[in-house]
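Engineer: Okay, here's the structure, questions in a sec.
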Amino acid sequence: MAEEYNDLSRLVNAFEPAMNAENYSYEPHEALALEIHLQISELGYYQRDASSLAVYFKLGVASSNKRYIVRNVERLIDDLNMGRDHVLTPKKTLFVSWSLLSDEQAQLLREIWAQSGDNVRDVPAYMLQDDAQRYLQITPYYLAKFIKQISNQSPVSVKFKSRYGGSTEELLTITYMDAPLQPDFRLQAEGEGYRLDLMIPQGETWATYEVFVEHDDHELIFWPFDSALAETLNTIMRTVSGNSIFIRQNQLTEFIEVVYPMLQRVGEVELPAELAAFIAAARLHTIITINLVQDHLEIIVQFDYGNATMAIPNLEVHDWRGENQIIFAIEGMFIFETENHYGYAFRTVAQKVDFFKRYLPQLQQLDAEVKVAAAVMQQFINPRDLLPEVFLNTRQSLFDISFDIKGISQEEVDLMMTAILNQEQYVELKSGGIVPLNEPAYAPMNAMLAKIRTMGAAINAGTISVNLAAALRLQDDFTATHAKSDLTIQQIFNDLAHPEAFAATVPTEIKADLRDYQKMGLKFLAMLHHHGFGGILADEMGLGKTLQAIVFLQYIKNQAEAPILNVIVVPASVTYNWAQELAKFAPDLRYRVVMGHKQDRVNMLTDLAAVDIVITSYQSLRADEEIYQHLAIDTLILDEAQMVKNAASLTAKAITKLKAAHKFALTGTPIENSLDELWALFNILVPGLFPKKRDFNKLDNATIVKLIQPFMLRRTKAEVLQELPAKTEAVIYNVMTAEQKKVYLAYLLRIQQEVANMSSEEFKRHRIEVLAGITRLRQITDDASLFLDNYQGGSSKLDQLLDMVQTAHANGRRMLIFSQFSSMIHRINTALSAQGLTTFVLTGGTPAQERLAMSNQFNEGAGDVFLISLKAGGTGLNLTGADMVILFDLWWNPAVEEQAVGRAHRMGQAKHVDVYRMVTEGTIEDKILLLQESKRDLFSQVIQNSTEAVKLSESDIRDLLTTDLVD
């Protein structure tokens, strides 16, 4: 506290002088008068340095004429600020304050002081020869304003001091001119020659201040000048002793060629009439002629002065400056020089391009007439004269883009298009002519061929062939290049844009009544098949994708002129579901389920003459890859196609190799994690639609949406099944038991410590171990005994589930319970059986035929609860007998959960469906809920035409390992 009081004391002491100064202002003090005096160093014919101009002051009371030299300006400023006595001489002291000066004087003094800074200390002693503390130097940037301010005052005292001693003092009027000095020069005949009068004011140039200072007996005038004026005036003053120069007749040419142009740069030059007329008539006119001689250019330069004549005999002049500018420019451009012309090698494309794009424009910028021979100009062709015409045609599954250019051969058309395709800047035709390919006229063509380049296509006989799907990436380019297309192409584009208009009706063999949206699905699939494409039926789970595919298969069988073979690839768990659905809805289609042991499968694939459809699993297809590669397949259908979302997987590679004319996918989730999955799918279904992976990653989402739109049909239940009962979703939270929480925190701490010390590179290497640790945490939230044999701490989530099931059963509800962990499914089954409930259990080990039988029994009313392993039973099942779905543990990808929920909430469901997600509060499951939202974003952004994509990153995984639990 004492220190704070000391601070106040110091502040009072600091402000007290200023307060006193204000108090003094109320006492009678005499007004002050301040005189400003200039000191200029060393007059003469020498350029001034930075110290040429300084000021000093005299001060006195306004009522008296007596003035005293201010010997220390800095001290005066301090005294004026503080309002106190200022010592002028040992015997003379004046009280000074800013208020005692006139406003003009106070303002001027403040500005002079502010601009000078420490410059006064740099004033050389030879200039001042007195106490330097009395002087303030005027800086160059302040000079003009300062002179204008003091020019309004009465004459100013100016002291002129020499470097070598001595000084004079004059009372002068000071003026600063706004316009630069413009001296006059007059040339007139005298005797046998001429006299040049130099009408230059008496004075000197100050280069640092960029002024010319004119001095006479009564006035000091400051003229602003530029460097050319200063150089010329300095040259004249150094070399000419008087105010005129005598020019002999034989010196007239030198005067006109050398001196006259320099004088013209800085002022007005008055000439005798006959000489002025001669100079005007003899103005330089340069002609540069460029001819093609074999393999080089011949550049001839002519300097023409017209037919100027006058009465003065033997007068011939040259504009040497103008001529030299031309010569220097040309010598800088061209390689060799002969006796009467310059030459430039003109053989290669680079040499020709350099001439037309670099050197010719430079020549045309010169003050010269440039004449280029027609033979030369023909070597550089205006791109607008050779604009390609684009023609589009279809040929089986190929799309032909052909080019034609009037005036050149087809071989040269190929040459030009190949050059554009290879991103070359120029192309040389057989005639030797150069065509620039990076001109605006070719921009649309360049853009189109840049995309074609990524397709790996080449030009042959004026035509580039790409597959039909790849051509769709070029639709905007076709418009920009005004491409002409045949009717077939126009029909393809129209059908892709309007599949609803395609003429495809439900075959009479189908034993089902299709809804309107399912009929639309048939049109979509049939249209793509008709034009040789594949695609994705991406309807939401429960809308009958299987039925639409079956109707489509019956349709193409009816349309085919000869028997065709189709293959359906499905998860092993639903092979017999497909067989059952085919038998039910399309009994006319002959199918064969190819499953079982290797030899059995080989035998079943040996003779397929009486088979319309082969049904097999992804695993079996991969194992029998070589057999399937030799089959002539018309249509391949991939059910639950997210199974091939990884392009590097053996399954995806095997399917890519199949010789199927058309490939279709059925999946409600074409994207689960990233856009890479979409690329992998379309790489199989519509090869060529997307560019290579590297280029695909550069596409924005809007472009991706535009490309896939014609090949993917997506409808939701909300859009097409208004009569479908509502679905209610809720999150049910539970809190771990004390022992469960203790185990969870111990495992979490260990994983956190391991991950915290990992760099990003180490994290990538150990990603699998980290994810395994996350799986352990998820198991603990279910029941720690899943992997701890001696654990006896209980599971709050299991207890909560049993209560929910008992209540629901008492209310007549029938349930599906999903868990990711098969061991948890069995633990729940044991607990429910102990409570007297009847259950069905489906895991990855359940045979396909048994799965189908259990599904049918449950839908017919058998059993209270259907327990399902999430990944094993999330697809291909119809379990509309349930009206309640419980997700015992969360999977970070919501698409998997949506598939599970879709087993009950689907077409055929007559009851309201309740969906419950069980979450252990404060654990990793909270974080998984947030991740699910980001995954939903990714799906909606591309499949439902939004804008930005989200990917699971390292930071997402690290965030999973944070916790809100308190130990």
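Ordering of the structure tokens sets the chain letters (A, B, ...); residue numbers start at 1 within each chain; ligands are numbered from 1 in the order shown.
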Write out as number ranges by chain all residues of region 781-924 of chain A that backbone DSSP assigns to helix (DSSP H, G or I).
Structural biologist: A: 781-786, 796-810, 822-834, 848-859, 870-873, 894-901, 924
Engineer: With only C-alpha atoms as the counted atoms, please give the residues lying no more than 8 Å from region 789-805 of chain A, apart from itself and same-chain residues fewer than 6 positions off, as a ChimeraX atom specification.
Structural biologist: /A:734-740,781-783,828,831-832,888,918,920
Engineer: Show me, as a ChimeraX atom specification, the residues that have an atom within 8 Å of Ala579 (chain A) when counting only C-alpha atoms, minus same-chain residues fewer than 4 positions from it.
Structural biologist: /A:575,583,591,593,615
Engineer: Go through A:Gly432, A:Ala457, A:Ala641, A:Val353 one by one, measure the shortest atom-to-atom distance of each to Ala375 (chain A) using only C-alpha atoms, and give the residue with the smallest value.
Structural biologist: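 Smallest distance to Ala375 (chain A) is found for A:Gly432.
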Engineer: May I ask which of the residues A:Ala469, A:Met520, A:Ala114, A:Leu363 is the closest one to Pro691 (chain A), counting only C-alpha atoms?
Structural biologist: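 Closest residue, counting only C-alpha atoms: A:Ala469.
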Engineer: Rank nothing, just name the residue among A:Arg765, A:Arg515, A:His482, A:Arg71 nearest to Phe391 (chain A), using only C-alpha atoms.
Structural biologist: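 Closest to Phe391 (chain A) of all the choices is A:His482.
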Engineer: Using only C-alpha atoms, which protein or nucleic acid residues come within 12 Å of Glu925 (chain A)? Drop anything in the same chain fewer than 2 positions from it, and give the result as an NGL selection string.
Structural biologist: :A and (731-735 or 774-775 or 777-782 or 888-892 or 917-923 or 927-932 or 959-965)
Engineer: Neighbours of Thr286 (chain A) within 9 Å (only C-alpha atoms; same-chain residues fewer than 2 positions away dropped), as a list of chain:residue names?
Structural biologist: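 Within the cut-off, the hits are A:Leu284, A:Ile288, A:Val301, A:Gln302, A:Phe303, A:Asp304, A:Tyr305, A:Gly322, A:Glu323, A:Ile326, A:Asp367, A:Ala368, A:Glu369, A:Val370.
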Engineer: Can you write just those residues out, N, CA and C atoms, as a PDB file, in the first residue's frame?
Structural biologist:
ATOM      1  N   LEU A 284      13.383  11.569 -87.563  1.00  0.00           N
ATOM      2  CA  LEU A 284      13.773  10.185 -87.834  1.00  0.00           C
ATOM      3  C   LEU A 284      12.550   9.299 -88.070  1.00  0.00           C
ATOM      4  N   ILE A 288      11.824  -1.220 -90.219  1.00  0.00           N
ATOM      5  CA  ILE A 288      12.416  -2.536 -89.959  1.00  0.00           C
ATOM      6  C   ILE A 288      11.690  -3.544 -90.842  1.00  0.00           C
ATOM      7  N   VAL A 301      17.365  -2.882 -91.215  1.00  0.00           N
ATOM      8  CA  VAL A 301      16.984  -1.647 -90.523  1.00  0.00           C
ATOM      9  C   VAL A 301      17.369  -0.456 -91.395  1.00  0.00           C
ATOM     10  N   GLN A 302      16.417   0.442 -91.637  1.00  0.00           N
ATOM     11  CA  GLN A 302      16.666   1.657 -92.416  1.00  0.00           C
ATOM     12  C   GLN A 302      16.259   2.877 -91.586  1.00  0.00           C
ATOM     13  N   PHE A 303      17.173   3.875 -91.550  1.00  0.00           N
ATOM     14  CA  PHE A 303      16.878   5.146 -90.885  1.00  0.00           C
ATOM     15  C   PHE A 303      16.625   6.197 -91.966  1.00  0.00           C
ATOM     16  N   ASP A 304      15.455   6.740 -91.984  1.00  0.00           N
ATOM     17  CA  ASP A 304      15.049   7.651 -93.051  1.00  0.00           C
ATOM     18  C   ASP A 304      14.733   9.018 -92.453  1.00  0.00           C
ATOM     19  N   TYR A 305      15.365  10.070 -93.010  1.00  0.00           N
ATOM     20  CA  TYR A 305      15.112  11.432 -92.546  1.00  0.00           C
ATOM     21  C   TYR A 305      14.363  12.250 -93.600  1.00  0.00           C
ATOM     22  N   GLY A 322      17.739   8.272 -81.031  1.00  0.00           N
ATOM     23  CA  GLY A 322      16.688   7.417 -81.582  1.00  0.00           C
ATOM     24  C   GLY A 322      17.253   6.218 -82.311  1.00  0.00           C
ATOM     25  N   GLU A 323      18.320   6.454 -83.108  1.00  0.00           N
ATOM     26  CA  GLU A 323      18.929   5.349 -83.850  1.00  0.00           C
ATOM     27  C   GLU A 323      19.523   4.317 -82.892  1.00  0.00           C
ATOM     28  N   ILE A 326      17.050   1.954 -81.286  1.00  0.00           N
ATOM     29  CA  ILE A 326      16.650   0.883 -82.207  1.00  0.00           C
ATOM     30  C   ILE A 326      17.744  -0.177 -82.299  1.00  0.00           C
ATOM     31  N   ASP A 367       9.716   2.782 -81.670  1.00  0.00           N
ATOM     32  CA  ASP A 367       9.246   3.890 -82.508  1.00  0.00           C
ATOM     33  C   ASP A 367       9.728   3.631 -83.930  1.00  0.00           C
ATOM     34  N   ALA A 368       9.084   2.662 -84.577  1.00  0.00           N
ATOM     35  CA  ALA A 368       9.536   2.242 -85.905  1.00  0.00           C
ATOM     36  C   ALA A 368       8.372   1.611 -86.651  1.00  0.00           C
ATOM     37  N   GLU A 369       8.498   1.604 -87.970  1.00  0.00           N
ATOM     38  CA  GLU A 369       7.537   0.910 -88.819  1.00  0.00           C
ATOM     39  C   GLU A 369       8.096  -0.483 -89.085  1.00  0.00           C
ATOM     40  N   VAL A 370       7.344  -1.515 -88.647  1.00  0.00           N
ATOM     41  CA  VAL A 370       7.807  -2.892 -88.783  1.00  0.00           C
ATOM     42  C   VAL A 370       7.038  -3.559 -89.918  1.00  0.00           C
TER      43      VAL A 370
END
Engineer: So how many Å separate CA of His296 (chain A) and CA of Tyr344 (chain A), to one decimal?
Structural biologist: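 Computing the Euclidean distance for CA of His296 (chain A) and CA of Tyr344 (chain A) yields 5.5 Å.
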Engineer: Which residues are close to Gln548 (chain A), i.e. within 7 Å by only C-alpha atoms, leaving aside same-chain residues fewer than 4 positions away? Reply as a list of chain:residue names.
Structural biologist: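 Counting only C-alpha atoms, the residues come to A:Gln518, A:Gly521, A:Leu522, A:Gly544, A:Phe552.
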Engineer: CA of Gly844 (chain A) and CA of Ser823 (chain A), how far apart in Å?
Structural biologist: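 Interatomic distance, CA of Ser823 (chain A) to CA of Gly844 (chain A): 11.4 Å.
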Engineer: Hey, what's within 12 Å of Leu749 (chain A) if we count only C-alpha atoms and toss same-chain stuff fewer than 2 positions away? As JSON, numbers by chain, please?
Structural biologist: {"A": [742, 743, 744, 745, 746, 747, 751, 752, 753, 754, 755, 756, 773, 774, 777, 961, 962, 963, 965, 967]}
Engineer: Give the answer as one residue: which of A:Gly462, A:Met333, A:Leu582, A:Ala33 has the shortest atom-to-atom distance to Ala62 (chain A), using only C-alpha atoms?
Structural biologist: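 Looking only at the distances to Ala62 (chain A), the closest residue turns out to be A:Ala33.
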Engineer: With distances taken over only C-alpha atoms, which residue among A:Pro440, A:Pro388, A:Gly456, A:Gly433 lies nearest Phe346 (chain A)?
Structural biologist: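 That would be A:Gly433, the residue with the smallest distance to Phe346 (chain A).
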Engineer: What is the CA of Asp78 (chain A)-CA of Ser102 (chain A) distance in Å, reported with one decimal?
Structural biologist: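 So the answer is 17.8 Å.
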